[in-house]
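Peer 1: Before I ask anything, let me first share the structure, which is written out below as structure tokens.
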Amino acid sequence: MERFRIVGISFDHMHMGDLLRCVQDHPDAEIAGIFDPDRSTMQRAIDTFGIPEDRVFTDFDTCMDATQPDLAILCAATADHADYTRRLAAYGVHVFVEKPFAGSVADARAMIEAVKPTGKYLAINWPLRWVESHVTAKRLVDEGMIGEVIEIHSYGGNRGPLYHLADKIEVTREEVERQKPTSWWYKRASGGGSLLDYLGYGATLGTWYRNGEAPLEVTCVTDETPGIEVDQHAIVVCRYRKGLSKMETRWGTFTDPWVIQPQPKCGFVLVGTEGTIASWDYADHVTVQTRANPEPHPIPADPLPAGGRNAIEYVLGCIARGAPLTGPLDPAVSLTGQRIVDTAALSAREKRTLPLVP
């Protein structure tokens with residue numbers, strides 16, 4: 001079988017480096033090219049992966065024409081996802097979008113419609129989907145261990161998006177403050193803010209845990225920091241047919257959860273009719289209560305299986321087999337998450353509870 005030719009499109013999001021590493025490590029894939037209008041943003045990847053100059057592009061169409069890729073990894077600013085997806089769809093490639101899904105529900109639907117006629121995949125990657133504890137929690141929910149899920153509590157965040165690069169390389173506090181005034185992460189028009197960055201995790205994985213169920217209405221409150229035009233803290237309450245759920249986003253946690261879990265802990269607590277599951281980010285176990293065994297007890301996290309250890313491996317496997325995307329990567333699941341995000345953002349602006357946007 002010929003190797004999958006994969007291009008990296010836009011380096012706005014620091015996760016591009018992590019995803020290119022997955023490509024480099026995959027035996028049936030290669031980095032066919034990388035593109036960003038600003039060459040300097042690609043230099044770390046060029047050096048890290050030894051990408052030759054004839055595979056580095058600052059013009060989008062030249063990149064696509066020269067590389068003839070099978071799949072494009074998109075790591076653009078959130079507000080640019082729809083435009084880039086339309087441009088990629090015109091080349092008939094599979095499109096892999098690093099979270100969040102889109103700048104709005106309208107953009108998300110436009111992305112789905114742009115890719116649909118090509119017969120190619122549109123995958124929305126949520127890195128927490130590849131955390132062993134959260135995958136184990138989903139297995140236990142599906143097995144009926146806690147009955148019907150009626151509450152989801154999620155707390156998602158980190159010290160801030162500028163504190164780390166690909167591979168979680170640390171950035172100094174002084175450098176973070178220097179970058180804030182010009183970074184797209186802190187621009188409303190570019191899709192910045194903790195709500196758009198992290199609510200999609202809780203909303204989309206929450207939809208996965210609830211087997212696709214959408215809430216009836218959403219209430220959201222965000223902080224307002226002088227000199228910062230986007231939120232850095234949001235609290236969202238969703239009312240479902242049965243039960244309420246709370247989803248919180250935070251830039252400014254005391255520590256990053258992949259190093260030291262902050263307080264509150266980042267992750268999920270799932271409450272069912274017959275038990276509860278606490279699943280913390282990057283933990284090696286989940287903690288469970290059931291009616292039969294109400295004392296909280298650990299269950300070891302399942303190792304991720306071959307073919308499902310990371311998003312690139314999973315999506316390439318689906319393409320090779322012609323299998324549908326499932327879970328958070330399925331645009332239908334992510335669209336429900338986007339509807340929650342849009343409703344929450346509107347609720348915060350209007351300072352009132354709103355029905356879920358269509």
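By convention here, the chains of the structure tokens are called A, B, ... in the order presented, each chain's residues are numbered starting at 1, and ligands are numbered starting at 1 in the order presented.
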Could you go through region 38-121 of chain A and tell me which residues DSSP, when run on the backbone, assigns to alpha helix (DSSP H), listing them as a ChimeraX atom specification?
Peer 2: /A:43-49,60-67,81-89,105-115
Peer 1: Can you list, as number ranges by chain, every protein, DNA or RNA residue that comes within 10 Å of region 182-188 of chain A when you count only C-alpha atoms, leaving out same-chain residues fewer than 3 positions away?
Peer 2: A: 12-13, 77-79, 160-162, 176, 178-179, 191-194, 196-197, 228-232
Peer 1: Let's have the selection written as a compact mmCIF listing (two decimals), in the first residue's frame, with N, CA and C atoms.
Peer 2:
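Contents of selection_38.txt, as written:
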```
# COMPACT_ATOMS: atom_id res chain seq x y z
N ASP A 12 -1.21 28.10 13.41
CA ASP A 12 -1.77 28.95 14.46
C ASP A 12 -1.88 28.20 15.78
N HIS A 13 -2.26 26.92 15.71
CA HIS A 13 -2.47 26.11 16.91
C HIS A 13 -1.22 25.29 17.19
N ALA A 77 -6.39 29.33 13.21
CA ALA A 77 -7.22 30.02 14.20
C ALA A 77 -8.68 29.61 13.99
N THR A 78 -9.40 29.48 15.08
CA THR A 78 -10.76 28.93 15.02
C THR A 78 -11.64 29.64 13.99
N ALA A 79 -11.57 30.95 13.92
CA ALA A 79 -12.42 31.71 13.00
C ALA A 79 -12.11 31.42 11.54
N GLY A 160 -2.96 28.71 30.45
CA GLY A 160 -3.23 29.64 29.36
C GLY A 160 -2.59 29.11 28.09
N PRO A 161 -3.13 29.46 26.91
CA PRO A 161 -2.69 28.84 25.67
C PRO A 161 -1.27 29.22 25.24
N LEU A 162 -0.71 30.26 25.81
CA LEU A 162 0.62 30.70 25.39
C LEU A 162 1.73 30.14 26.27
N VAL A 176 4.87 35.01 27.78
CA VAL A 176 3.42 34.94 27.64
C VAL A 176 2.82 36.35 27.66
N ARG A 178 4.26 39.09 26.97
CA ARG A 178 4.70 39.84 25.79
C ARG A 178 3.83 39.51 24.57
N GLN A 179 3.42 38.24 24.45
CA GLN A 179 2.66 37.80 23.28
C GLN A 179 1.17 38.12 23.36
N GLY A 191 -11.67 34.06 17.29
CA GLY A 191 -12.19 32.89 17.98
C GLY A 191 -11.42 32.57 19.25
N GLY A 192 -10.86 33.61 19.90
CA GLY A 192 -10.12 33.40 21.13
C GLY A 192 -11.01 33.28 22.35
N GLY A 193 -10.38 33.03 23.48
CA GLY A 193 -11.11 32.94 24.75
C GLY A 193 -11.21 31.51 25.25
N SER A 194 -11.30 31.37 26.58
CA SER A 194 -11.33 30.03 27.17
C SER A 194 -12.61 29.28 26.80
N LEU A 196 -14.39 29.33 23.94
CA LEU A 196 -14.28 28.70 22.62
C LEU A 196 -13.16 27.68 22.58
N ASP A 197 -12.15 27.86 23.42
CA ASP A 197 -11.03 26.92 23.44
C ASP A 197 -11.38 25.62 24.15
N ILE A 228 -8.49 42.75 28.62
CA ILE A 228 -8.55 41.47 27.90
C ILE A 228 -9.93 41.39 27.25
N GLU A 229 -9.99 41.28 25.93
CA GLU A 229 -11.28 41.33 25.25
C GLU A 229 -11.99 39.98 25.18
N VAL A 230 -11.33 38.90 25.60
CA VAL A 230 -11.98 37.59 25.61
C VAL A 230 -12.07 37.08 27.05
N ASP A 231 -12.92 36.08 27.24
CA ASP A 231 -13.06 35.51 28.57
C ASP A 231 -11.87 34.62 28.90
N GLN A 232 -11.60 34.50 30.18
CA GLN A 232 -10.60 33.54 30.66
C GLN A 232 -11.21 32.54 31.65
```
Peer 1: Considering only C-alpha atoms, state which residue in the set A:Ile319, A:Leu244, A:Ile34, A:Val105 is at the smallest distance from His153 (chain A).
Peer 2: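 Of A:Ile319, A:Leu244, A:Ile34, A:Val105, the one nearest His153 (chain A) is A:Leu244, counting only C-alpha atoms.
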Peer 1: At most 7 Å is the cut-off: for each residue in region 100-144 of chain A with any atom that close to an atom of region 271-285 of chain A, write down the nearest atom pair and the distance in Å rounded to one decimal, counting only C-alpha atoms, chain first then increasing number, as a tab-separated table.
Peer 2:
```
residue	atom	partner	partner_atom	distance
A:Val131	CA	A:Tyr282	CA	5.9
A:Ser133	CA	A:Ser279	CA	5.7
A:His134	CA	A:Ser279	CA	5.9
A:Ala137	CA	A:Ser279	CA	6.6
```
Peer 1: Smallest atom-to-atom distance to Phe96 (chain A): which of A:Thr118, A:Thr326, A:Asn125, A:Thr353, using only C-alpha atoms?
Peer 2: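 Under the stated criterion, the closest residue is A:Asn125.
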Peer 1: In Å, how far is it from CA of Thr287 (chain A) to CA of Pro257 (chain A)?
Peer 2: 17.4 Å
Peer 1: Just to confirm, what's the straight-line distance from CA of Asp167 (chain A) to CA of Pro305 (chain A) in Å (one decimal)?
Peer 2: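 Answer for the CA of Asp167 (chain A) to CA of Pro305 (chain A) separation: 22.0 Å.
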Peer 1: Just how far from CA of Pro100 (chain A) is CA of Asp25 (chain A), in Å to one decimal?
Peer 2: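 Taking CA of Asp25 (chain A) as the start and CA of Pro100 (chain A) as the end point, the length is 24.4 Å.
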Peer 1: Please provide as a list of chain:residue names all residues within 10 Å of Thr41 (chain A), with the sequence filter that same-chain residues fewer than 5 positions apart are discarded (counting only C-alpha atoms).
Peer 2: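 So the residues in contact are A:Ser10, A:Phe11, A:Asp12, A:Met14, A:Phe35, A:Asp36, A:Ile46.
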Peer 1: List every residue of region 135-297 of chain A that DSSP, applied to the backbone, labels as strand (DSSP E or B), and write the result as a PyMOL selection string.
Peer 2: chain A and resi 149-158+164+170+217-222+233-239+244-251+267-272+275-280+285-290+297
Peer 1: Write out as a PyMOL selection string which residues come within 9 Å of His233 (chain A) when counting only C-alpha atoms, dropping same-chain ones fewer than 6 positions away.
Peer 2: chain A and resi 193-195+221-224+248-252
Peer 1: Compare A:Asn158, A:Ser347, A:Thr136, A:Gln263 by their minimum atom-to-atom distance to Ile235 (chain A), counting only C-alpha atoms, and give me the closest one.
Peer 2: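 Answer, going by the shortest atom-to-atom distance: A:Ser347.
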Peer 1: For Asp61 (chain A), work out the shell of residues within 12 Å, counting only C-alpha atoms and skipping chain neighbours fewer than 5 positions away, then give it as number ranges by chain.
Peer 2: A: 9, 33-37, 66-69, 84, 87-88, 90-91
Peer 1: In terms of the shortest atom-to-atom distance over only C-alpha atoms, which of A:Val237, A:Cys220, A:Val135, A:Leu128 is closest to Glu151 (chain A)?
Peer 2: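 Among the listed residues, the smallest separation from Glu151 (chain A) belongs to A:Val237.
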Peer 1: Nearest residue to Leu335 (chain A) out of A:Pro358, A:Pro264, A:Gly119, A:Gly317, using only C-alpha atoms?
Peer 2: A:Pro358
